[in-house]
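Reproduced below: structure.txt, with compact mmCIF, C-alpha atoms and all ligand atoms.
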```txt
# COMPACT_ATOMS: atom_id res chain seq x y z
CA MET A 1 -92.70 42.07 65.22
CA LEU A 2 -92.16 45.81 64.73
CA SER A 3 -95.49 46.38 62.96
CA CYS A 4 -97.15 44.39 65.69
CA PHE A 5 -95.57 46.67 68.31
CA THR A 6 -96.69 49.82 66.54
CA LYS A 7 -100.23 48.56 66.29
CA ILE A 8 -100.61 47.36 69.83
CA SER A 9 -98.82 50.28 71.43
CA SER A 10 -101.51 52.60 70.06
CA HIS A 11 -104.04 50.82 72.30
CA LYS A 12 -104.39 51.57 76.01
CA PRO A 13 -101.57 50.03 78.05
CA LEU A 14 -101.58 46.26 78.21
CA THR A 15 -99.47 44.34 80.65
CA ARG A 16 -96.14 43.31 79.20
CA ARG A 17 -97.07 39.66 79.52
CA ILE A 18 -100.28 39.97 77.50
CA PHE A 19 -98.57 42.22 75.01
CA LEU A 20 -95.77 39.74 74.30
CA SER A 21 -98.08 36.76 74.04
CA ALA A 22 -100.40 38.73 71.75
CA CYS A 23 -97.46 39.49 69.44
CA ARG A 24 -96.57 35.80 69.28
CA LYS A 25 -100.15 34.82 68.54
CA MET A 26 -100.64 37.49 65.90
CA GLU A 27 -97.63 36.18 64.05
CA LEU A 28 -99.26 32.75 63.91
CA PHE A 29 -102.56 33.98 62.46
CA VAL A 30 -101.54 37.14 60.68
CA GLY A 31 -101.07 36.33 56.95
CA SER A 32 -104.00 37.21 54.70
CA GLU A 33 -103.27 34.18 52.51
CA HIS A 34 -103.31 32.12 55.67
CA SER A 35 -106.74 33.40 56.72
CA HIS A 36 -108.30 32.59 53.33
CA LEU A 37 -106.93 29.05 53.47
CA TYR A 38 -108.13 28.88 57.04
CA GLN A 39 -111.67 29.84 56.04
CA LYS A 40 -111.63 27.37 53.16
CA TYR A 41 -110.21 24.28 54.82
CA ARG A 42 -110.83 24.47 58.53
CA PRO A 43 -113.34 21.96 59.92
CA ILE A 44 -116.67 23.30 61.14
CA TYR A 45 -118.59 22.28 64.25
CA PRO A 46 -121.79 20.22 64.25
CA PRO A 47 -125.07 22.25 64.28
CA GLU A 48 -126.24 20.22 67.29
CA LEU A 49 -123.50 21.85 69.34
CA TYR A 50 -125.01 25.31 68.81
CA ALA A 51 -128.52 24.11 69.62
CA PHE A 52 -127.06 22.64 72.79
CA ILE A 53 -125.27 25.91 73.67
CA ALA A 54 -128.43 27.99 73.03
CA ASN A 55 -130.39 25.62 75.21
CA PHE A 56 -127.78 25.91 77.96
CA CYS A 57 -128.22 29.72 77.84
CA LYS A 58 -132.00 29.47 77.91
CA THR A 59 -132.02 27.27 80.97
CA GLY A 60 -129.89 29.84 82.83
CA ARG A 61 -131.40 33.20 82.02
CA GLY A 62 -133.80 32.77 79.16
CA SER A 63 -132.52 35.67 77.02
CA LEU A 64 -130.80 35.06 73.70
CA ASP A 65 -130.06 38.63 72.83
CA THR A 66 -126.30 39.16 72.43
CA ALA A 67 -123.53 36.59 71.90
CA VAL A 68 -119.81 37.30 71.59
CA ASP A 69 -117.43 34.77 70.01
CA VAL A 70 -113.86 35.50 71.17
CA GLY A 71 -110.97 34.23 69.03
CA CYS A 72 -113.51 33.93 66.22
CA GLY A 73 -110.91 33.53 63.44
CA THR A 74 -112.68 33.80 60.10
CA GLY A 75 -116.11 33.41 61.70
CA LEU A 76 -116.69 29.67 61.31
CA SER A 77 -117.55 29.40 64.99
CA THR A 78 -119.47 32.72 65.01
CA LEU A 79 -121.90 32.27 62.13
CA PRO A 80 -123.94 29.37 63.67
CA LEU A 81 -124.79 31.58 66.67
CA CYS A 82 -126.77 33.92 64.36
CA LYS A 83 -129.59 31.40 64.21
CA TYR A 84 -130.20 31.73 67.95
CA PHE A 85 -129.13 35.24 69.00
CA ASN A 86 -130.46 38.67 67.96
CA LYS A 87 -126.96 40.09 67.76
CA VAL A 88 -123.67 38.24 67.35
CA ILE A 89 -120.21 39.80 67.62
CA GLY A 90 -117.06 37.99 66.49
CA VAL A 91 -113.83 39.20 68.13
CA ASP A 92 -110.30 38.33 67.10
CA VAL A 93 -106.86 39.80 67.74
CA SER A 94 -105.84 39.27 64.11
CA GLU A 95 -107.01 41.93 61.70
CA THR A 96 -106.52 39.66 58.70
CA GLN A 97 -108.75 36.99 60.22
CA ILE A 98 -111.40 39.66 60.89
CA ASN A 99 -111.12 41.04 57.34
CA THR A 100 -111.70 37.58 55.89
CA ALA A 101 -114.61 37.05 58.29
CA ARG A 102 -116.22 40.31 57.12
CA GLN A 103 -115.73 39.41 53.45
CA THR A 104 -117.22 35.95 53.99
CA HIS A 105 -120.27 36.46 56.20
CA GLY A 106 -122.93 39.07 55.46
CA GLN A 107 -125.65 38.25 58.02
CA SER A 108 -127.52 41.35 59.21
CA ASN A 109 -127.20 40.37 62.91
CA LEU A 110 -123.45 39.65 62.70
CA VAL A 111 -120.55 42.06 63.19
CA PHE A 112 -116.82 41.52 63.63
CA HIS A 113 -114.40 43.46 65.77
CA THR A 114 -110.60 43.39 66.01
CA SER A 115 -109.63 43.20 69.66
CA HIS A 116 -107.81 41.19 72.27
CA GLY A 117 -110.08 38.81 74.13
CA GLU A 118 -108.43 40.10 77.29
CA TRP A 119 -109.44 43.65 76.40
CA LEU A 120 -113.13 43.98 75.51
CA GLU A 121 -113.52 47.64 76.35
CA PHE A 122 -115.92 48.25 73.44
CA LEU A 123 -118.53 46.13 75.27
CA SER A 124 -120.37 47.66 78.22
CA ASP A 125 -120.90 46.07 81.61
CA SER A 126 -123.67 43.45 81.83
CA SER A 127 -124.53 43.67 78.14
CA VAL A 128 -123.93 40.13 76.87
CA ASP A 129 -125.81 36.83 77.29
CA LEU A 130 -123.19 34.44 75.96
CA VAL A 131 -119.42 34.46 75.43
CA THR A 132 -118.01 31.57 73.39
CA VAL A 133 -114.40 30.62 72.75
CA ALA A 134 -113.90 27.95 70.08
CA GLN A 135 -110.47 26.33 69.89
CA ALA A 136 -108.86 29.56 71.07
CA MET A 137 -108.81 29.45 74.88
CA HIS A 138 -105.28 28.09 74.91
CA TRP A 139 -104.13 31.30 73.18
CA ILE A 140 -105.86 33.63 75.62
CA GLU A 141 -104.57 34.76 79.02
CA PRO A 142 -107.23 33.38 81.38
CA GLU A 143 -106.94 35.87 84.23
CA PRO A 144 -107.66 39.17 82.39
CA PHE A 145 -110.06 37.41 80.02
CA TYR A 146 -112.19 35.97 82.82
CA LYS A 147 -112.25 39.41 84.42
CA GLU A 148 -113.61 40.92 81.21
CA VAL A 149 -116.11 38.10 80.73
CA THR A 150 -117.39 38.59 84.28
CA ARG A 151 -117.77 42.31 83.58
CA ILE A 152 -119.64 42.06 80.25
CA LEU A 153 -121.93 39.11 81.04
CA ARG A 154 -125.42 39.84 82.29
CA PRO A 155 -126.31 38.05 85.52
CA GLY A 156 -127.02 34.45 84.52
CA GLY A 157 -125.09 34.87 81.26
CA CYS A 158 -122.90 32.00 80.07
CA LEU A 159 -119.31 31.37 79.07
CA VAL A 160 -118.87 28.36 76.80
CA VAL A 161 -115.37 27.18 75.86
CA TYR A 162 -115.06 24.37 73.36
CA GLY A 163 -112.82 22.86 70.72
CA TYR A 164 -111.79 19.58 69.16
CA GLY A 165 -108.99 17.16 69.80
CA ASN A 166 -106.61 15.46 67.43
CA SER A 167 -108.18 13.58 64.55
CA THR A 168 -108.22 9.85 64.07
CA ILE A 169 -109.18 7.60 61.17
CA ASN A 170 -110.78 4.18 61.14
CA SER A 171 -107.53 2.34 60.55
CA LYS A 172 -105.07 1.26 63.21
CA ASP A 173 -102.13 1.49 60.81
CA GLY A 174 -103.37 4.80 59.44
CA ASN A 175 -103.60 6.20 62.96
CA LYS A 176 -100.02 5.11 63.63
CA ILE A 177 -98.86 7.07 60.58
CA ILE A 178 -100.85 10.14 61.64
CA GLU A 179 -99.53 9.85 65.19
CA LYS A 180 -95.93 9.60 63.92
CA PHE A 181 -96.47 12.63 61.68
CA TYR A 182 -97.98 14.64 64.55
CA SER A 183 -95.55 13.68 67.30
CA TYR A 184 -92.32 12.94 65.44
CA ASP A 185 -92.20 14.72 62.08
CA LEU A 186 -93.82 17.87 63.48
CA GLU A 187 -91.96 17.73 66.79
CA GLY A 188 -90.83 21.22 67.80
CA PHE A 189 -93.30 22.94 65.48
CA TRP A 190 -96.23 22.86 67.89
CA ASP A 191 -96.59 25.72 70.35
CA THR A 192 -96.35 24.50 73.94
CA ARG A 193 -99.97 25.64 74.50
CA ARG A 194 -101.06 22.88 72.13
CA ARG A 195 -100.84 20.55 75.15
CA HIS A 196 -104.17 21.99 76.35
CA VAL A 197 -105.84 20.79 73.15
CA GLU A 198 -104.20 17.37 73.43
CA ASN A 199 -105.63 17.24 76.93
CA LEU A 200 -109.10 18.25 75.63
CA TYR A 201 -109.00 21.35 77.88
CA GLN A 202 -109.34 19.18 80.95
CA ASP A 203 -106.85 21.43 82.76
CA ILE A 204 -108.70 24.66 81.89
CA ASN A 205 -111.10 25.80 84.58
CA LEU A 206 -113.90 28.28 84.03
CA PRO A 207 -114.28 31.15 86.51
CA PHE A 208 -117.91 30.37 87.35
CA THR A 209 -119.15 27.78 89.77
CA GLY A 210 -121.78 25.41 88.54
CA SER A 211 -120.55 25.71 84.95
CA GLU A 212 -121.57 22.49 83.23
CA ARG A 213 -118.64 20.86 81.49
CA LEU A 214 -118.94 18.44 78.63
CA GLU A 215 -117.45 15.76 80.85
CA ASN A 216 -120.32 16.23 83.29
CA ILE A 217 -122.95 16.26 80.61
CA TYR A 218 -121.64 13.14 78.92
CA GLN A 219 -120.66 11.60 82.27
CA ASP A 220 -118.93 8.31 81.51
CA GLN A 221 -119.73 8.30 77.78
CA LYS A 222 -116.76 8.87 75.52
CA ILE A 223 -116.89 11.68 72.97
CA THR A 224 -115.24 10.45 69.80
CA ILE A 225 -114.06 13.05 67.31
CA THR A 226 -113.01 11.87 63.86
CA TRP A 227 -112.11 13.72 60.68
CA PRO A 228 -112.16 12.25 57.20
CA VAL A 229 -108.79 12.51 55.49
CA PHE A 230 -108.28 12.33 51.74
CA VAL A 231 -104.85 11.50 50.36
CA LEU A 232 -103.97 11.68 46.69
CA LEU A 233 -100.61 10.04 45.95
CA GLY A 234 -98.80 10.53 42.66
CA ARG A 235 -95.35 9.57 41.44
CA LYS A 236 -93.75 10.68 38.23
CA GLU A 237 -92.55 7.71 36.25
CA SER A 238 -88.89 6.93 36.92
CA GLU A 239 -86.43 6.57 34.07
CA LYS A 240 -86.54 3.07 32.69
CA LYS A 241 -83.41 1.08 33.43
CA PRO A 242 -81.74 -0.27 30.31
C1 LIG B 1 -107.45 28.13 66.31
S1 LIG B 1 -108.19 29.66 65.84
C2 LIG B 1 -109.93 29.37 66.14
C3 LIG B 1 -110.82 30.18 65.22
C4 LIG B 1 -112.32 29.88 65.33
N1 LIG B 1 -112.81 30.11 66.66
C5 LIG B 1 -112.63 28.47 64.91
O1 LIG B 1 -112.95 27.64 65.76
O2 LIG B 1 -112.55 28.17 63.70
C6 LIG B 1 -107.66 30.72 67.13
C7 LIG B 1 -107.97 32.20 66.89
O3 LIG B 1 -107.75 32.90 68.11
C8 LIG B 1 -107.22 34.18 67.80
N2 LIG B 1 -106.56 34.68 69.00
C9 LIG B 1 -105.38 34.29 69.52
N3 LIG B 1 -105.12 34.98 70.64
C10 LIG B 1 -106.16 35.81 70.85
C11 LIG B 1 -106.47 36.78 71.86
N4 LIG B 1 -105.65 37.00 72.87
N5 LIG B 1 -107.63 37.46 71.74
C12 LIG B 1 -108.47 37.25 70.71
N6 LIG B 1 -108.22 36.35 69.73
C13 LIG B 1 -107.09 35.63 69.80
C14 LIG B 1 -106.31 33.93 66.62
O4 LIG B 1 -106.05 35.10 65.90
C15 LIG B 1 -107.11 32.88 65.84
O5 LIG B 1 -107.91 33.46 64.85
```
I need this file expressed as structure tokens, please.
Ligand SMILES: C[S@@+](CC[C@H](N)C(=O)[O-])C[C@H]1O[C@@H](n2cnc3c(N)ncnc32)[C@H](O)[C@@H]1O
Amino acid sequence: MLSCFTKISSHKPLTRRIFLSACRKMELFVGSEHSHLYQKYRPIYPPELYAFIANFCKTGRGSLDTAVDVGCGTGLSTLPLCKYFNKVIGVDVSETQINTARQTHGQSNLVFHTSHGEWLEFLSDSSVDLVTVAQAMHWIEPEPFYKEVTRILRPGGCLVVYGYGNSTINSKDGNKIIEKFYSYDLEGFWDTRRRHVENLYQDINLPFTGSERLENIYQDQKITITWPVFVLLGRKESEKKP
């Protein structure tokens, strides 16, 4: 916590509330070992999603010049934007996540920056066509963040917030075991903000009117998200009874 204080206090003043929540979040994502494992094992998003996002931008303003991915982690959600935008900037509060992102992705139109999402002072007014937040909005303070997004977006620019819900498998019994593990065995280990993910961000509102939400686009269709799970089980032989 102390090193976190030293680091953040060297920035321009943040409100106490943002400062404290940033400290908490940094602790969650700070370990360098953690960020390498994160890069290696974290699920990626389908390419169709990025084509869809780029198309959403085009229909609004037509320019695909600069995109900023806030809470970019190790860059898994940032890299796919490079196919569509001239310049892509990944932003994360955790320096170790950003270091791993830099080591991993070498695209010429991609840069990474350590910063709070609520504090994007390195970006000038009306300079950005798209801001994305992938599975990170529940960590970010909406009020100051939306203020910054409104400042940096060009007129007609877009804010796209997305993520994925809890995984399921194609077995009723298997899902019961996963559900027990998630809700019972891990009870008390989840941050309270996890409830937003469980709720598929339905209680998070964007600051712009007319923002298309997935629920509108898919209307009454259900979006099913599944992850394959591999389990290797081994047991050392027990001593043979006489
Ligand atoms: C669940 S990860 C998502 C990473 C990536 N977007 C992805 O989908 O793989 C959340 C990330 O948000 C970052 N984060 C948390 N609070 C933040 C804040 N206030 N500003 C910027 N990044 C933040 C964390 O450091 C972490 O890397």
Original post:
Could you pull the residues within 6 Å of region 180-197 of chain A, counting all atoms listed in the file, minus those fewer than 4 positions along the same chain, as a PyMOL selection string?
Top reply: chain A and resi 138+165+201
Original post:
What does the distance between CA of Tyr38 (chain A) and CA of Thr74 (chain A) come to in Å, to one decimal place?
Top reply: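 Answer for the CA of Tyr38 (chain A) to CA of Thr74 (chain A) separation: 7.4 Å.
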Subject >> Near-ligand residues for ligand LIG 1 (chain B), threshold 9 Å, only C-alpha atoms and all ligand atoms, as an MDAnalysis selection string >> reply: chainID A and resid 18 21:30 35 38:39 42:45 69:78 90:98 114:119 132:141 145 162:164
**OP:** Could you tell me how far CA of Tyr41 (chain A) lies from CA of Ile177 (chain A), in Å and to one decimal?
**Re:**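 Atom-to-atom, CA of Tyr41 (chain A) to CA of Ile177 (chain A), that is 21.4 Å.
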What are the nearest atom pairs, with distances in Å to one decimal, for all residues of region 77-103 of chain A that come at most 7 Å from region 49-62 of chain A, using all atoms listed in the file, set out by chain and rising residue number as JSON lines?
```
{"residue": "A:Pro80", "atom": "CA", "partner": "A:Tyr50", "partner_atom": "CA", "distance": 6.6}
{"residue": "A:Leu81", "atom": "CA", "partner": "A:Tyr50", "partner_atom": "CA", "distance": 6.6}
{"residue": "A:Tyr84", "atom": "CA", "partner": "A:Ala54", "partner_atom": "CA", "distance": 6.6}
```
Can I get the selected residues back with C-alpha atoms, as a short mmCIF file (atom, residue, chain, number, x, y, z; two decimals), in the coordinates of the input?
```
data_model
loop_
_atom_site.label_atom_id
_atom_site.label_comp_id
_atom_site.auth_asym_id
_atom_site.auth_seq_id
_atom_site.Cartn_x
_atom_site.Cartn_y
_atom_site.Cartn_z
CA PRO A 80 -123.94 29.37 63.67
CA LEU A 81 -124.79 31.58 66.67
CA TYR A 84 -130.20 31.73 67.95
#
```
Output region 110-131 of chain A as a short mmCIF file (atom, residue, chain, number, x, y, z; two decimals), in the coordinates of the input, making sure N, CA and C atoms are there.
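See selection.cif below for the written result:
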```cif
data_model
loop_
_atom_site.label_atom_id
_atom_site.label_comp_id
_atom_site.auth_asym_id
_atom_site.auth_seq_id
_atom_site.Cartn_x
_atom_site.Cartn_y
_atom_site.Cartn_z
N LEU A 110 -124.83 40.08 62.40
CA LEU A 110 -123.45 39.65 62.70
C LEU A 110 -122.45 40.77 62.41
N VAL A 111 -121.63 41.09 63.41
CA VAL A 111 -120.55 42.06 63.19
C VAL A 111 -119.24 41.47 63.71
N PHE A 112 -118.13 41.99 63.18
CA PHE A 112 -116.82 41.52 63.63
C PHE A 112 -116.00 42.70 64.14
N HIS A 113 -115.16 42.41 65.10
CA HIS A 113 -114.40 43.46 65.77
C HIS A 113 -112.98 42.96 66.03
N THR A 114 -111.98 43.76 65.69
CA THR A 114 -110.60 43.39 66.01
C THR A 114 -110.28 43.82 67.43
N SER A 115 -109.95 42.86 68.27
CA SER A 115 -109.63 43.20 69.66
C SER A 115 -109.01 42.00 70.36
N HIS A 116 -108.26 42.27 71.40
CA HIS A 116 -107.81 41.19 72.27
C HIS A 116 -109.01 40.67 73.07
N GLY A 117 -109.04 39.37 73.27
CA GLY A 117 -110.08 38.81 74.13
C GLY A 117 -109.93 39.31 75.55
N GLU A 118 -108.71 39.65 75.92
CA GLU A 118 -108.43 40.10 77.29
C GLU A 118 -108.78 41.58 77.47
N TRP A 119 -109.26 42.20 76.38
CA TRP A 119 -109.44 43.65 76.40
C TRP A 119 -110.69 44.00 75.62
N LEU A 120 -111.86 43.83 76.25
CA LEU A 120 -113.13 43.98 75.51
C LEU A 120 -113.80 45.30 75.88
N GLU A 121 -113.01 46.36 75.87
CA GLU A 121 -113.52 47.64 76.35
C GLU A 121 -114.67 48.20 75.52
N PHE A 122 -114.83 47.74 74.29
CA PHE A 122 -115.92 48.25 73.44
C PHE A 122 -117.28 47.67 73.86
N LEU A 123 -117.26 46.71 74.79
CA LEU A 123 -118.53 46.13 75.27
C LEU A 123 -118.82 46.65 76.68
N SER A 124 -120.07 47.10 76.89
CA SER A 124 -120.37 47.66 78.22
C SER A 124 -120.67 46.58 79.25
N ASP A 125 -120.65 46.99 80.49
CA ASP A 125 -120.90 46.07 81.61
C ASP A 125 -122.28 45.43 81.44
N SER A 126 -122.38 44.20 81.82
CA SER A 126 -123.67 43.45 81.83
C SER A 126 -124.48 43.64 80.55
N SER A 127 -123.84 43.44 79.41
CA SER A 127 -124.53 43.67 78.14
C SER A 127 -124.63 42.42 77.26
N VAL A 128 -124.08 41.30 77.73
CA VAL A 128 -123.93 40.13 76.87
C VAL A 128 -124.54 38.90 77.55
N ASP A 129 -125.19 38.05 76.73
CA ASP A 129 -125.81 36.83 77.29
C ASP A 129 -124.91 35.61 77.19
N LEU A 130 -124.06 35.61 76.17
CA LEU A 130 -123.19 34.44 75.96
C LEU A 130 -121.83 34.88 75.43
N VAL A 131 -120.76 34.33 76.00
CA VAL A 131 -119.42 34.46 75.43
C VAL A 131 -118.97 33.06 75.05
#
```
